[in-house]
Amino acid sequence: MSAISLDSLDLAALLCSRVCHDVISPVGAIVNALEVLEEDDPSMREFALELIKKSARNASARLQFARLAFGAAGSAGAMIDLGDAGNVANGFLNDEKLSLDWEAPRALLPKNQVKLLLNLLVIAAQAVPRGGKLVSRAIVEGEQGSFEITATGSHARIPAHVEELLAGNAPGGTIDAHAVQPVYAGMVARAADMDIAISIEGETVTIKAGKKS
């Protein structure tokens with residue numbers, strides 16, 4: 001492993017690629033459904049309309065999550081409501097395979113702390129590739145939060161190289177659009193002066209984040 005060499009332009013390009021990858025599937029489904037609407041079969045038209053509604057909601061949820069997890073989300077020093085973050089996370093992560101329990105007070109935290117929590121939820125979801133349950137807990141003291149996320153499901157595992165990527169290291173020192181998300185999470189953690197620890201026991205992966213000691 002070697003330190004990742006990544007300038008601001010490369011980071012922006014990789015994050016844009018990551019967001020596009022997340023959104024292209026529901027948008028593509030909408031395009032396909034619109035083509036089906038041109039057919040005369042009433043049952044197919046009804047199916048197409050339902051698919052458009054579902055895919056539009058999915059695309060919207062993904063974009064709202066990306067805006068908060070990767071975007072500017074206000075000016076420097078901005079605070080974000082954990083309640084708003086929970087609504088966005090639930091819209092993005094809850095589906096047929098995955099459920100999220102959000103246990104956090106309605107409190108304002110510095111944006112980098114909230115961005116870190118959302119990015120750690122993405123990693124937690126990747127830890128249960130066959131689906132399962134996520135539980136996100138937050139404790140807030142003043143303007144400092146500490147987080148614990150558990151991901152429980154069949155074949156749970158710590159995603160490959162994620163600990164190294166969080167620390168800013170990768171084979172050859174280069175990354176792709178898939179690996180940029182944990183790298184970005186590590187950058188946000190350092191900006192928020194927080195440490196991350198990941199462990200696994202049985203079919204549960206636990207991710208903790210708190211202020212550096």
# chains A, B, ... in the order shown; residues from 1 in each chain; ligands from 1
>>> closest_atom_pairs(of="segment 34-151 of chain A", to="segment 9-19 of chain A", cutoff="8 Å", atoms="only C-alpha atoms", output="CSV")
residue,atom,partner,partner_atom,distance
A:Leu63,CA,A:Val19,CA,7.8
A:Ala66,CA,A:Val19,CA,6.7
A:Phe70,CA,A:Leu15,CA,7.6
>>> residues_around(residues="Phe92 of chain A", least_positions_apart="4", cutoff="12 Å", atoms="only C-alpha atoms", output="list in words")
Asp22, Val23, Arg57, Asn58, Ala59, Ser60, Ala61, Arg62, Leu63, Gln64, Phe65, Ala66, Arg67, Leu68, Ala69, Ala85, Gly86, Asn87, Val88, Glu96, Leu98, Ser99, Leu100, Leu118, Asn119, Leu121, Val122 and Ala125 of chain A
>>> select_by_dssp(residues="segment 115-149 of chain A", states="strand (DSSP E)", output="list in words")
Gly132, Lys133, Leu134, Val135, Ser136, Arg137, Ala138, Ile139, Val140, Glu141, Gln144, Gly145, Ser146, Phe147, Glu148 and Ile149 of chain A
>>> residues_around(residues="Val114 of chain A", least_positions_apart="4", cutoff="12 Å", atoms="only C-alpha atoms", output="NGL selection string")
:A and (65 or 68-73 or 78-86 or 88-89 or 104 or 107-110 or 118-121 or 138 or 140 or 143-147 or 185 or 188-189 or 191-192 or 194 or 209)
>>> closest_residue(among="A:Gly142, A:Gly153, A:Pro129, A:Gly91", to="Glu203 of chain A", atoms="only C-alpha atoms")
A:Gly153
